[in-house]
$ cat protein-v2.csv   # CSV, C-alpha atoms and all ligand atoms
chain,number,residue,atom,x,y,z
A,1,MET,CA,0.0,0.0,0.0
A,2,GLU,CA,1.3,3.4,-1.0
A,3,ILE,CA,1.2,6.2,1.6
A,4,ILE,CA,1.6,9.7,0.2
A,5,ARG,CA,1.7,13.0,2.0
A,6,ALA,CA,0.2,16.1,0.5
A,7,ALA,CA,2.8,18.4,-1.1
A,8,ASP,CA,1.8,21.2,1.3
A,9,MET,CA,0.3,20.6,4.8
A,10,GLY,CA,0.7,21.0,8.5
A,11,PHE,CA,1.8,24.1,10.6
A,12,CYS,CA,1.4,27.3,8.5
A,13,PHE,CA,3.9,30.1,9.0
A,14,GLY,CA,1.4,32.1,11.2
A,15,VAL,CA,0.9,29.2,13.7
A,16,ARG,CA,4.6,28.3,13.7
A,17,ARG,CA,5.4,32.0,14.4
A,18,ALA,CA,2.8,32.2,17.2
A,19,VAL,CA,4.0,29.0,18.9
A,20,GLU,CA,7.7,30.0,18.7
A,21,THR,CA,6.9,33.6,20.0
A,22,MET,CA,5.0,32.1,23.0
A,23,GLU,CA,7.8,29.6,23.7
A,24,GLN,CA,10.4,32.4,23.7
A,25,ALA,CA,8.2,34.7,25.8
A,26,ALA,CA,7.6,32.0,28.4
A,27,ALA,CA,11.3,31.4,28.6
A,28,ARG,CA,11.9,35.1,29.1
A,29,LEU,CA,8.9,36.1,31.2
A,30,GLY,CA,8.2,33.0,33.2
A,31,ARG,CA,4.6,32.3,34.1
A,32,MET,CA,2.2,33.9,31.6
A,33,THR,CA,-1.2,33.4,30.0
A,34,SER,CA,-2.7,32.9,26.6
A,35,LEU,CA,-6.1,34.4,25.8
A,36,GLY,CA,-7.6,31.3,24.3
A,37,SER,CA,-5.5,28.4,23.0
A,38,VAL,CA,-2.8,29.3,20.5
A,39,VAL,CA,-4.0,26.6,18.1
A,40,HIS,CA,-6.9,24.1,18.1
A,41,ASN,CA,-4.5,21.4,19.1
A,42,GLN,CA,-4.3,19.8,22.5
A,43,GLN,CA,-0.7,18.6,22.2
A,44,VAL,CA,0.6,22.1,21.5
A,45,VAL,CA,-1.4,23.5,24.3
A,46,GLU,CA,-0.1,20.9,26.7
A,47,ARG,CA,3.5,21.6,25.6
A,48,LEU,CA,3.1,25.3,26.2
A,49,ALA,CA,1.4,24.6,29.6
A,50,ARG,CA,4.6,22.8,30.7
A,51,LEU,CA,6.5,26.0,29.9
A,52,GLY,CA,4.2,28.0,32.1
A,53,VAL,CA,1.6,29.3,29.6
A,54,GLU,CA,-1.9,29.0,31.1
A,55,VAL,CA,-4.9,29.4,28.7
A,56,ILE,CA,-7.4,31.9,30.1
A,57,GLY,CA,-10.9,32.8,28.8
A,58,ALA,CA,-10.9,36.5,29.6
A,59,PRO,CA,-8.2,39.2,30.3
A,60,ALA,CA,-9.3,39.6,33.9
A,61,GLU,CA,-8.1,36.0,34.7
A,62,ALA,CA,-4.5,37.0,34.0
A,63,ASP,CA,-3.9,38.1,37.6
A,64,SER,CA,-1.1,40.5,36.5
A,65,ARG,CA,0.7,37.8,34.4
A,66,PRO,CA,1.5,38.8,30.8
A,67,ILE,CA,-1.2,38.0,28.2
A,68,ALA,CA,-0.4,36.5,24.8
A,69,ILE,CA,-2.8,37.2,22.0
A,70,THR,CA,-3.0,34.2,19.7
A,71,SER,CA,-2.6,34.1,15.9
A,72,HIS,CA,-6.4,34.6,15.6
A,73,GLY,CA,-6.1,38.2,16.9
A,74,VAL,CA,-8.5,40.1,19.2
A,75,ALA,CA,-11.0,42.9,18.7
A,76,PRO,CA,-9.8,46.4,19.7
A,77,GLN,CA,-12.2,46.4,22.6
A,78,VAL,CA,-10.3,43.4,24.1
A,79,LEU,CA,-7.0,45.2,23.5
A,80,GLU,CA,-8.4,48.2,25.4
A,81,GLU,CA,-9.4,45.9,28.3
A,82,ILE,CA,-5.9,44.4,28.4
A,83,ARG,CA,-4.4,47.9,28.3
A,84,ARG,CA,-6.6,49.0,31.3
A,85,LEU,CA,-5.3,46.0,33.3
A,86,GLY,CA,-1.8,47.3,32.7
A,87,VAL,CA,-0.3,43.8,32.0
A,88,GLN,CA,2.3,43.0,29.4
A,89,VAL,CA,1.1,41.9,26.0
A,90,VAL,CA,2.7,39.4,23.7
A,91,ASP,CA,1.0,39.8,20.4
A,92,THR,CA,1.2,36.8,18.1
A,93,THR,CA,-1.6,37.9,15.7
A,94,CYS,CA,-0.9,36.4,12.3
A,95,PRO,CA,0.1,39.2,9.9
A,96,ILE,CA,-2.5,37.9,7.4
A,97,VAL,CA,-5.2,38.2,10.1
A,98,ALA,CA,-3.9,41.6,11.0
A,99,ARG,CA,-4.3,42.7,7.4
A,100,SER,CA,-7.9,41.6,7.5
A,101,GLN,CA,-8.5,43.5,10.7
A,102,GLN,CA,-7.0,46.7,9.1
A,103,TRP,CA,-9.3,46.3,6.1
A,104,ALA,CA,-12.4,45.9,8.4
A,105,LYS,CA,-11.3,49.1,10.2
A,106,ARG,CA,-10.7,51.1,7.1
A,107,LEU,CA,-13.8,50.0,5.3
A,108,SER,CA,-16.1,50.7,8.2
A,109,ARG,CA,-14.4,54.1,8.6
A,110,ASP,CA,-15.1,54.8,4.9
A,111,GLY,CA,-18.8,54.1,5.5
A,112,PHE,CA,-19.2,50.5,4.3
A,113,THR,CA,-21.1,47.8,6.0
A,114,VAL,CA,-18.6,45.0,6.3
A,115,LEU,CA,-19.8,41.5,5.7
A,116,ILE,CA,-17.4,38.8,7.0
A,117,PHE,CA,-17.9,35.5,5.3
A,118,GLY,CA,-17.0,32.9,8.0
A,119,ASP,CA,-18.0,31.2,11.2
A,120,PRO,CA,-19.4,33.9,13.6
A,121,ASP,CA,-18.2,31.9,16.6
A,122,HIS,CA,-14.6,31.6,15.4
A,123,ARG,CA,-12.2,33.8,17.3
A,124,GLU,CA,-10.6,35.3,14.1
A,125,VAL,CA,-14.0,36.3,12.7
A,126,ARG,CA,-15.2,37.8,16.0
A,127,ALA,CA,-12.1,39.9,16.2
A,128,VAL,CA,-12.3,41.1,12.6
A,129,ALA,CA,-16.0,42.0,13.2
A,130,GLY,CA,-14.8,43.9,16.2
A,131,TRP,CA,-12.4,46.0,14.1
A,132,ALA,CA,-15.4,46.9,11.8
A,133,GLY,CA,-17.0,48.6,14.9
A,134,GLY,CA,-20.8,48.4,14.8
A,135,LYS,CA,-20.7,47.9,11.0
A,136,GLY,CA,-19.4,44.3,10.9
A,137,MET,CA,-21.6,41.3,10.2
A,138,ALA,CA,-20.3,37.8,10.4
A,139,LEU,CA,-22.2,35.5,8.0
A,140,PRO,CA,-21.4,31.7,7.8
A,141,ASN,CA,-23.3,30.9,4.5
A,142,THR,CA,-25.7,32.2,1.9
A,143,GLU,CA,-28.8,31.4,4.0
A,144,ALA,CA,-27.5,33.8,6.7
A,145,LEU,CA,-26.9,36.3,4.0
A,146,ASP,CA,-30.4,35.9,2.7
A,147,ALA,CA,-31.7,36.6,6.2
A,148,VAL,CA,-30.2,40.1,6.2
A,149,ILE,CA,-30.0,40.9,2.5
A,150,GLU,CA,-33.0,43.2,2.4
A,151,ARG,CA,-31.5,45.3,5.1
A,152,LEU,CA,-28.1,45.9,3.5
A,153,PRO,CA,-27.3,49.5,2.7
A,154,ALA,CA,-26.0,50.9,-0.6
A,155,ARG,CA,-22.3,50.5,0.2
A,156,VAL,CA,-21.2,47.0,1.1
A,157,ALA,CA,-17.8,45.4,1.6
A,158,VAL,CA,-17.1,41.7,1.8
A,159,LEU,CA,-14.1,40.0,3.5
A,160,SER,CA,-13.6,36.3,4.2
A,161,GLN,CA,-12.3,34.3,7.2
A,162,THR,CA,-8.7,33.6,6.1
A,163,THR,CA,-9.2,29.8,6.2
A,164,GLU,CA,-12.3,29.7,3.9
A,165,THR,CA,-12.0,28.0,0.5
A,166,LYS,CA,-11.9,30.3,-2.6
A,167,GLU,CA,-14.8,28.4,-4.1
A,168,ARG,CA,-17.1,29.0,-1.1
A,169,PHE,CA,-16.0,32.7,-0.9
A,170,ALA,CA,-16.6,33.2,-4.7
A,171,SER,CA,-20.0,31.6,-4.4
A,172,PHE,CA,-21.0,33.8,-1.4
A,173,VAL,CA,-19.9,36.9,-3.3
A,174,GLY,CA,-21.7,35.7,-6.4
A,175,HIS,CA,-24.9,35.1,-4.4
A,176,LEU,CA,-24.7,38.7,-3.0
A,177,MET,CA,-24.3,40.1,-6.5
A,178,SER,CA,-27.1,38.1,-8.1
A,179,ASN,CA,-29.6,38.9,-5.4
A,180,ARG,CA,-28.7,42.5,-4.3
A,181,LEU,CA,-26.7,44.3,-7.0
A,182,SER,CA,-29.7,46.4,-8.0
A,183,HIS,CA,-29.7,48.0,-4.5
A,184,ILE,CA,-26.0,48.3,-4.1
A,185,ARG,CA,-24.2,51.5,-5.3
A,186,GLU,CA,-20.7,50.4,-4.3
A,187,LEU,CA,-19.4,46.9,-3.6
A,188,ARG,CA,-15.9,46.2,-2.4
A,189,VAL,CA,-14.6,42.7,-2.2
A,190,ILE,CA,-11.2,42.2,-0.4
A,191,ASN,CA,-9.5,38.9,-0.8
A,192,THR,CA,-8.5,38.1,2.7
A,193,LEU,CA,-8.0,34.3,2.1
A,194,CYS,CA,-4.8,33.0,3.4
A,195,HIS,CA,-2.4,31.5,0.8
A,196,ALA,CA,-1.1,29.0,3.3
A,197,THR,CA,-4.6,27.6,3.5
A,198,THR,CA,-5.5,27.8,-0.2
A,199,ASN,CA,-2.2,26.1,-1.1
A,200,GLN,CA,-2.9,23.3,1.4
A,201,GLN,CA,-6.4,22.9,0.0
A,202,ALA,CA,-5.0,22.7,-3.6
A,203,ALA,CA,-2.5,20.1,-2.5
A,204,ALA,CA,-5.2,18.1,-0.6
A,205,ARG,CA,-7.5,18.2,-3.7
A,206,GLU,CA,-4.7,17.1,-6.0
A,207,LEU,CA,-3.8,14.2,-3.7
A,208,ALA,CA,-7.4,13.2,-3.2
A,209,ARG,CA,-7.8,12.7,-6.9
A,210,ARG,CA,-5.2,10.0,-7.1
A,211,VAL,CA,-5.6,8.0,-3.9
A,212,ASP,CA,-8.2,5.5,-2.6
A,213,LEU,CA,-8.4,6.9,0.9
A,214,MET,CA,-7.6,10.3,2.5
A,215,ILE,CA,-6.7,10.8,6.1
A,216,VAL,CA,-7.0,14.4,7.3
A,217,VAL,CA,-5.1,15.0,10.6
A,218,GLY,CA,-6.0,17.8,12.9
A,219,GLY,CA,-8.1,19.1,15.8
A,220,ARG,CA,-11.8,18.6,15.4
A,221,GLU,CA,-12.3,22.3,16.3
A,222,SER,CA,-9.9,23.4,13.7
A,223,ALA,CA,-11.8,25.2,10.9
A,224,ASN,CA,-9.0,24.8,8.3
A,225,THR,CA,-8.7,21.1,9.0
A,226,ARG,CA,-12.4,20.6,8.5
A,227,HIS,CA,-12.2,22.5,5.2
A,228,LEU,CA,-9.4,20.1,4.1
A,229,ALA,CA,-11.7,17.2,4.8
A,230,ASP,CA,-14.5,18.9,2.8
A,231,VAL,CA,-12.2,19.5,-0.1
A,232,SER,CA,-11.1,15.9,-0.1
A,233,ARG,CA,-14.7,14.6,0.1
A,234,GLU,CA,-15.7,16.9,-2.8
A,235,GLU,CA,-13.3,14.8,-4.9
A,236,GLY,CA,-15.4,11.7,-4.0
A,237,VAL,CA,-12.8,9.9,-2.1
A,238,GLU,CA,-13.4,8.2,1.2
A,239,THR,CA,-12.1,10.7,3.8
A,240,HIS,CA,-11.6,10.4,7.6
A,241,HIS,CA,-10.8,13.4,9.8
A,242,ILE,CA,-8.8,12.2,12.8
A,243,GLU,CA,-7.0,13.9,15.7
A,244,TRP,CA,-4.7,11.1,16.8
A,245,ALA,CA,-2.9,8.2,15.2
A,246,SER,CA,-4.8,5.8,17.5
A,247,GLU,CA,-8.0,6.7,15.7
A,248,VAL,CA,-6.9,5.0,12.4
A,249,ASP,CA,-9.3,2.1,11.9
A,250,PRO,CA,-7.7,-0.8,10.2
A,251,ARG,CA,-11.0,-1.5,8.4
A,252,TRP,CA,-10.6,1.7,6.4
A,253,LEU,CA,-7.6,0.2,4.6
A,254,ALA,CA,-9.4,-2.9,3.3
A,255,GLY,CA,-9.0,-3.1,-0.5
A,256,LYS,CA,-7.1,0.2,-0.6
A,257,ARG,CA,-3.9,0.5,-2.6
A,258,SER,CA,-3.0,4.1,-1.8
A,259,VAL,CA,-3.6,6.4,1.1
A,260,GLY,CA,-3.1,10.1,1.2
A,261,ILE,CA,-2.3,12.2,4.3
A,262,THR,CA,-2.9,15.8,4.8
A,263,ALA,CA,-3.0,17.9,8.0
A,264,GLY,CA,-4.4,21.3,9.1
A,265,ALA,CA,-2.4,24.4,9.7
A,266,SER,CA,-2.5,23.8,13.5
A,267,THR,CA,-1.3,20.2,13.4
A,268,PRO,CA,2.2,19.6,14.7
A,269,ASP,CA,4.7,17.5,12.6
A,270,GLU,CA,5.0,14.9,15.4
A,271,THR,CA,1.2,14.1,15.1
A,272,VAL,CA,1.5,13.6,11.3
A,273,ASP,CA,4.6,11.4,11.7
A,274,ALA,CA,2.7,9.3,14.2
A,275,VAL,CA,-0.3,8.8,11.8
A,276,GLU,CA,2.0,7.9,9.0
A,277,ALA,CA,3.9,5.4,11.2
A,278,ARG,CA,0.6,3.8,12.2
A,279,LEU,CA,-0.6,3.5,8.6
A,280,ARG,CA,2.8,1.8,7.7
A,281,GLU,CA,2.4,-0.6,10.6
A,282,LEU,CA,-1.1,-1.6,9.5
A,283,ALA,CA,0.1,-1.9,5.9
A,284,ASP,CA,2.9,-4.2,6.9
A,285,GLU,CA,0.5,-6.3,9.1
A,286,ARG,CA,-1.7,-6.7,6.0
A,287,ASN,CA,1.2,-7.8,3.8
A,288,ASP,CA,2.3,-10.3,6.4
A,289,SER,CA,-1.2,-11.8,6.7
A,290,ARG,CA,-1.4,-12.1,2.9
A,291,LYS,CA,2.0,-13.9,2.8
A,292,ALA,CA,1.0,-16.3,5.7
B,301,LIG,FE1,-2.1,33.0,9.4
B,301,LIG,FE2,-2.9,31.6,7.3
B,301,LIG,FE3,-1.9,30.4,9.3
B,301,LIG,S1,-4.0,33.3,8.3
B,301,LIG,S2,-2.4,31.6,11.1
B,301,LIG,S3,-0.8,31.8,8.0
B,301,LIG,S4,-3.7,29.7,8.1
$ encode --input "protein-v2.csv" --output "structure tokens"
Amino acid sequence: MEIIRAADMGFCFGVRRAVETMEQAAARLGRMTSLGSVVHNQQVVERLARLGVEVIGAPAEADSRPIAITSHGVAPQVLEEIRRLGVQVVDTTCPIVARSQQWAKRLSRDGFTVLIFGDPDHREVRAVAGWAGGKGMALPNTEALDAVIERLPARVAVLSQTTETKERFASFVGHLMSNRLSHIRELRVINTLCHATTNQQAAARELARRVDLMIVVGGRESANTRHLADVSREEGVETHHIEWASEVDPRWLAGKRSVGITAGASTPDETVDAVEARLRELADERNDSRKA
């Protein structure tokens, strides 16, 4: 059985940068906190916890310890709250997310209502909506757009959660144009998709077309890992999203000649290595039983 890794997968530069910055800050500052977990990955969170980084849910829980802002960024209101507490800030906001925040701020200041295509409960989207002031609206799909479309003003801007797929973003914008263009005087679409994600999705799609089974590795909460699984399923190949190597079910391999592996932007290399090792072990067992 052939086991093939996607040409592009795993930790993106934004997550790698955030994790390394936190590790260095913990070594320098001692006990500190992280506002939310740095990535949707338990192993990484546990490793940072051993270095003294405690995940907190709100700035007030910091108890005068430094606060790290994760790669997802935070709304300006949260930054203000941290400033009022007077604690040190370690900002690891991904530069691509920061660009999205700046667009939200600029567009709302210029009088646009800013639609953010993405999961309204995702931290990045909540933060970007915050930067749009009262003019931001987070919408996860075209149904949510339909629910507000009649109320949209004449000047509308659209951004996307960085980890969305370009197909879904294009379809969202297309839906807006087909159903509201006659009422819109000015429409601005800013491409805030992250190349790290789109490249990984393209690599996952390419691999999904030539294997019999796809294993997508990453946290269940990780939006970009889930999107990789969606992309793979769209190609019609059997796809399983797992978090740990121990979740690989030997029955998935029955009759398969090739298995592809891809991993989300928050999945550490060690986890992917463990999954590959498990697949090789099962493939060897299968070969041995055939020979016997
Ligand atoms: Fe940044 Fe893209 Fe990663 S937005 S955190 S480089 S997925």
$ closest_atom_pairs --input "protein-v2.csv" --of "region 63-168 of chain A" --to "region 218-227 of chain A" --cutoff "8 Å" --atoms "only C-alpha atoms" --output "tab-separated table"
residue	atom	partner	partner_atom	distance
A:Thr163	CA	A:Asn224	CA	5.4
A:Glu164	CA	A:His227	CA	7.3
A:Thr165	CA	A:His227	CA	7.2
$ closest_residue --input "protein-v2.csv" --among "A:Ser100, A:Thr162, A:Thr92, A:Ser182" --to "ligand LIG 301 (chain B)" --atoms "all atoms listed in the file"
A:Thr162
$ residues_near_ligand --input "protein-v2.csv" --ligand "ligand LIG 301 (chain B)" --cutoff "8 Å" --atoms "all atoms listed in the file" --output "number ranges by chain"
A: 11-15, 71-72, 93-97, 162-163, 193-197, 224, 265-266
$ residues_around --input "protein-v2.csv" --residues "His183 (chain A)" --least-positions-apart "4" --cutoff "10 Å" --atoms "only C-alpha atoms" --output "list in words"
Ile149, Glu150, Leu152, Pro153, Ala154, Arg155, Met177 and Asn179 of chain A
$ residues_around --input "protein-v2.csv" --residues "region 115-128 of chain A" --least-positions-apart "4" --cutoff "10 Å" --atoms "only C-alpha atoms" --output "JSON, numbers by chain"
{"A": [36, 70, 71, 72, 73, 74, 75, 76, 77, 78, 93, 94, 97, 98, 99, 100, 101, 102, 103, 104, 105, 132, 133, 135, 136, 137, 138, 139, 140, 141, 142, 144, 145, 152, 156, 157, 158, 159, 160, 161, 162, 163, 164, 168, 169, 172, 173, 189, 192, 221, 222, 223]}
$ atom_distance --input "protein-v2.csv" --atom1 "CA of Val248 (chain A)" --atom2 "CA of Leu279 (chain A)"
7.5 Å
$ residues_around --input "protein-v2.csv" --residues "Leu228 (chain A)" --least-positions-apart "3" --cutoff "12 Å" --atoms "all atoms listed in the file" --output "VMD selection string"
chain A and resid 6 8 to 10 163 to 165 197 to 208 214 to 220 222 to 225 231 to 235 239 to 242 261 to 265
$ closest_residue --input "protein-v2.csv" --among "A:Ala283, A:Ala229, A:Ile184, A:Leu48" --to "Ala68 (chain A)" --atoms "all atoms listed in the file"
A:Leu48
$ atom_distance --input "protein-v2.csv" --atom1 "CA of Lys256 (chain A)" --atom2 "CA of Asp212 (chain A)"
5.8 Å
$ closest_residue --input "protein-v2.csv" --among "A:Ile190, A:Ala25, A:Ile67, A:Val237" --to "Leu85 (chain A)" --atoms "only C-alpha atoms"
A:Ile67
$ decode --input "protein-v2.csv" --residues "region 127-139 of chain A" --atoms "all heavy atoms" --output "PDB file, in the first residue's frame"
ATOM      1  N   ALA A 127     -13.013  38.742  16.075  1.00  0.00           N
ATOM      2  CA  ALA A 127     -12.072  39.861  16.203  1.00  0.00           C
ATOM      3  C   ALA A 127     -12.189  40.796  15.007  1.00  0.00           C
ATOM      4  O   ALA A 127     -12.275  42.021  15.177  1.00  0.00           O
ATOM      5  CB  ALA A 127     -10.646  39.330  16.321  1.00  0.00           C
ATOM      6  N   VAL A 128     -12.234  40.235  13.795  1.00  0.00           N
ATOM      7  CA  VAL A 128     -12.328  41.081  12.593  1.00  0.00           C
ATOM      8  C   VAL A 128     -13.626  41.893  12.639  1.00  0.00           C
ATOM      9  O   VAL A 128     -13.634  43.087  12.344  1.00  0.00           O
ATOM     10  CB  VAL A 128     -12.223  40.231  11.297  1.00  0.00           C
ATOM     11  CG1 VAL A 128     -12.520  41.074  10.066  1.00  0.00           C
ATOM     12  CG2 VAL A 128     -10.839  39.596  11.186  1.00  0.00           C
ATOM     13  N   ALA A 129     -14.719  41.251  13.064  1.00  0.00           N
ATOM     14  CA  ALA A 129     -15.998  41.968  13.182  1.00  0.00           C
ATOM     15  C   ALA A 129     -15.848  43.121  14.183  1.00  0.00           C
ATOM     16  O   ALA A 129     -16.385  44.215  13.983  1.00  0.00           O
ATOM     17  CB  ALA A 129     -17.101  41.015  13.616  1.00  0.00           C
ATOM     18  N   GLY A 130     -15.084  42.889  15.233  1.00  0.00           N
ATOM     19  CA  GLY A 130     -14.841  43.927  16.236  1.00  0.00           C
ATOM     20  C   GLY A 130     -14.126  45.138  15.624  1.00  0.00           C
ATOM     21  O   GLY A 130     -14.432  46.285  15.934  1.00  0.00           O
ATOM     22  N   TRP A 131     -13.177  44.858  14.712  1.00  0.00           N
ATOM     23  CA  TRP A 131     -12.431  45.950  14.073  1.00  0.00           C
ATOM     24  C   TRP A 131     -13.331  46.760  13.134  1.00  0.00           C
ATOM     25  O   TRP A 131     -13.014  47.887  12.785  1.00  0.00           O
ATOM     26  CB  TRP A 131     -11.205  45.407  13.328  1.00  0.00           C
ATOM     27  CG  TRP A 131     -10.092  45.080  14.286  1.00  0.00           C
ATOM     28  CD1 TRP A 131      -9.880  43.898  14.926  1.00  0.00           C
ATOM     29  CD2 TRP A 131      -9.082  45.977  14.759  1.00  0.00           C
ATOM     30  NE1 TRP A 131      -8.803  43.990  15.768  1.00  0.00           N
ATOM     31  CE2 TRP A 131      -8.290  45.250  15.679  1.00  0.00           C
ATOM     32  CE3 TRP A 131      -8.768  47.314  14.507  1.00  0.00           C
ATOM     33  CZ2 TRP A 131      -7.198  45.825  16.345  1.00  0.00           C
ATOM     34  CZ3 TRP A 131      -7.661  47.883  15.166  1.00  0.00           C
ATOM     35  CH2 TRP A 131      -6.907  47.139  16.069  1.00  0.00           C
ATOM     36  N   ALA A 132     -14.442  46.154  12.705  1.00  0.00           N
ATOM     37  CA  ALA A 132     -15.384  46.885  11.842  1.00  0.00           C
ATOM     38  C   ALA A 132     -16.335  47.739  12.684  1.00  0.00           C
ATOM     39  O   ALA A 132     -17.282  48.328  12.157  1.00  0.00           O
ATOM     40  CB  ALA A 132     -16.173  45.905  10.985  1.00  0.00           C
ATOM     41  N   GLY A 133     -16.118  47.783  13.989  1.00  0.00           N
ATOM     42  CA  GLY A 133     -16.981  48.570  14.866  1.00  0.00           C
ATOM     43  C   GLY A 133     -18.399  48.020  14.796  1.00  0.00           C
ATOM     44  O   GLY A 133     -18.606  46.828  14.642  1.00  0.00           O
ATOM     45  N   GLY A 134     -19.373  48.893  14.843  1.00  0.00           N
ATOM     46  CA  GLY A 134     -20.765  48.417  14.791  1.00  0.00           C
ATOM     47  C   GLY A 134     -21.194  48.046  13.380  1.00  0.00           C
ATOM     48  O   GLY A 134     -22.338  47.667  13.158  1.00  0.00           O
ATOM     49  N   LYS A 135     -20.267  48.147  12.409  1.00  0.00           N
ATOM     50  CA  LYS A 135     -20.671  47.939  11.005  1.00  0.00           C
ATOM     51  C   LYS A 135     -20.287  46.565  10.479  1.00  0.00           C
ATOM     52  O   LYS A 135     -20.369  46.316   9.271  1.00  0.00           O
ATOM     53  CB  LYS A 135     -20.033  49.005  10.133  1.00  0.00           C
ATOM     54  CG  LYS A 135     -20.568  50.386  10.419  1.00  0.00           C
ATOM     55  CD  LYS A 135     -20.201  51.293   9.279  1.00  0.00           C
ATOM     56  CE  LYS A 135     -20.711  52.688   9.474  1.00  0.00           C
ATOM     57  NZ  LYS A 135     -19.688  53.675   9.167  1.00  0.00           N
ATOM     58  N   GLY A 136     -19.834  45.675  11.357  1.00  0.00           N
ATOM     59  CA  GLY A 136     -19.422  44.340  10.917  1.00  0.00           C
ATOM     60  C   GLY A 136     -20.532  43.323  11.087  1.00  0.00           C
ATOM     61  O   GLY A 136     -21.298  43.377  12.046  1.00  0.00           O
ATOM     62  N   MET A 137     -20.637  42.407  10.115  1.00  0.00           N
ATOM     63  CA  MET A 137     -21.649  41.339  10.199  1.00  0.00           C
ATOM     64  C   MET A 137     -20.968  40.046   9.795  1.00  0.00           C
ATOM     65  O   MET A 137     -20.470  39.942   8.672  1.00  0.00           O
ATOM     66  CB  MET A 137     -22.752  41.617   9.167  1.00  0.00           C
ATOM     67  CG  MET A 137     -24.042  42.064   9.722  1.00  0.00           C
ATOM     68  SD  MET A 137     -25.228  42.086   8.349  1.00  0.00           S
ATOM     69  CE  MET A 137     -25.690  43.776   8.407  1.00  0.00           C
ATOM     70  N   ALA A 138     -20.936  39.073  10.701  1.00  0.00           N
ATOM     71  CA  ALA A 138     -20.316  37.786  10.366  1.00  0.00           C
ATOM     72  C   ALA A 138     -21.396  36.842   9.848  1.00  0.00           C
ATOM     73  O   ALA A 138     -22.405  36.618  10.521  1.00  0.00           O
ATOM     74  CB  ALA A 138     -19.640  37.201  11.593  1.00  0.00           C
ATOM     75  N   LEU A 139     -21.212  36.309   8.658  1.00  0.00           N
ATOM     76  CA  LEU A 139     -22.223  35.458   8.030  1.00  0.00           C
ATOM     77  C   LEU A 139     -21.587  34.151   7.573  1.00  0.00           C
ATOM     78  O   LEU A 139     -20.660  34.167   6.757  1.00  0.00           O
ATOM     79  CB  LEU A 139     -22.837  36.187   6.820  1.00  0.00           C
ATOM     80  CG  LEU A 139     -23.481  37.549   7.124  1.00  0.00           C
ATOM     81  CD1 LEU A 139     -23.804  38.276   5.831  1.00  0.00           C
ATOM     82  CD2 LEU A 139     -24.744  37.359   7.958  1.00  0.00           C
TER      83      LEU A 139
END
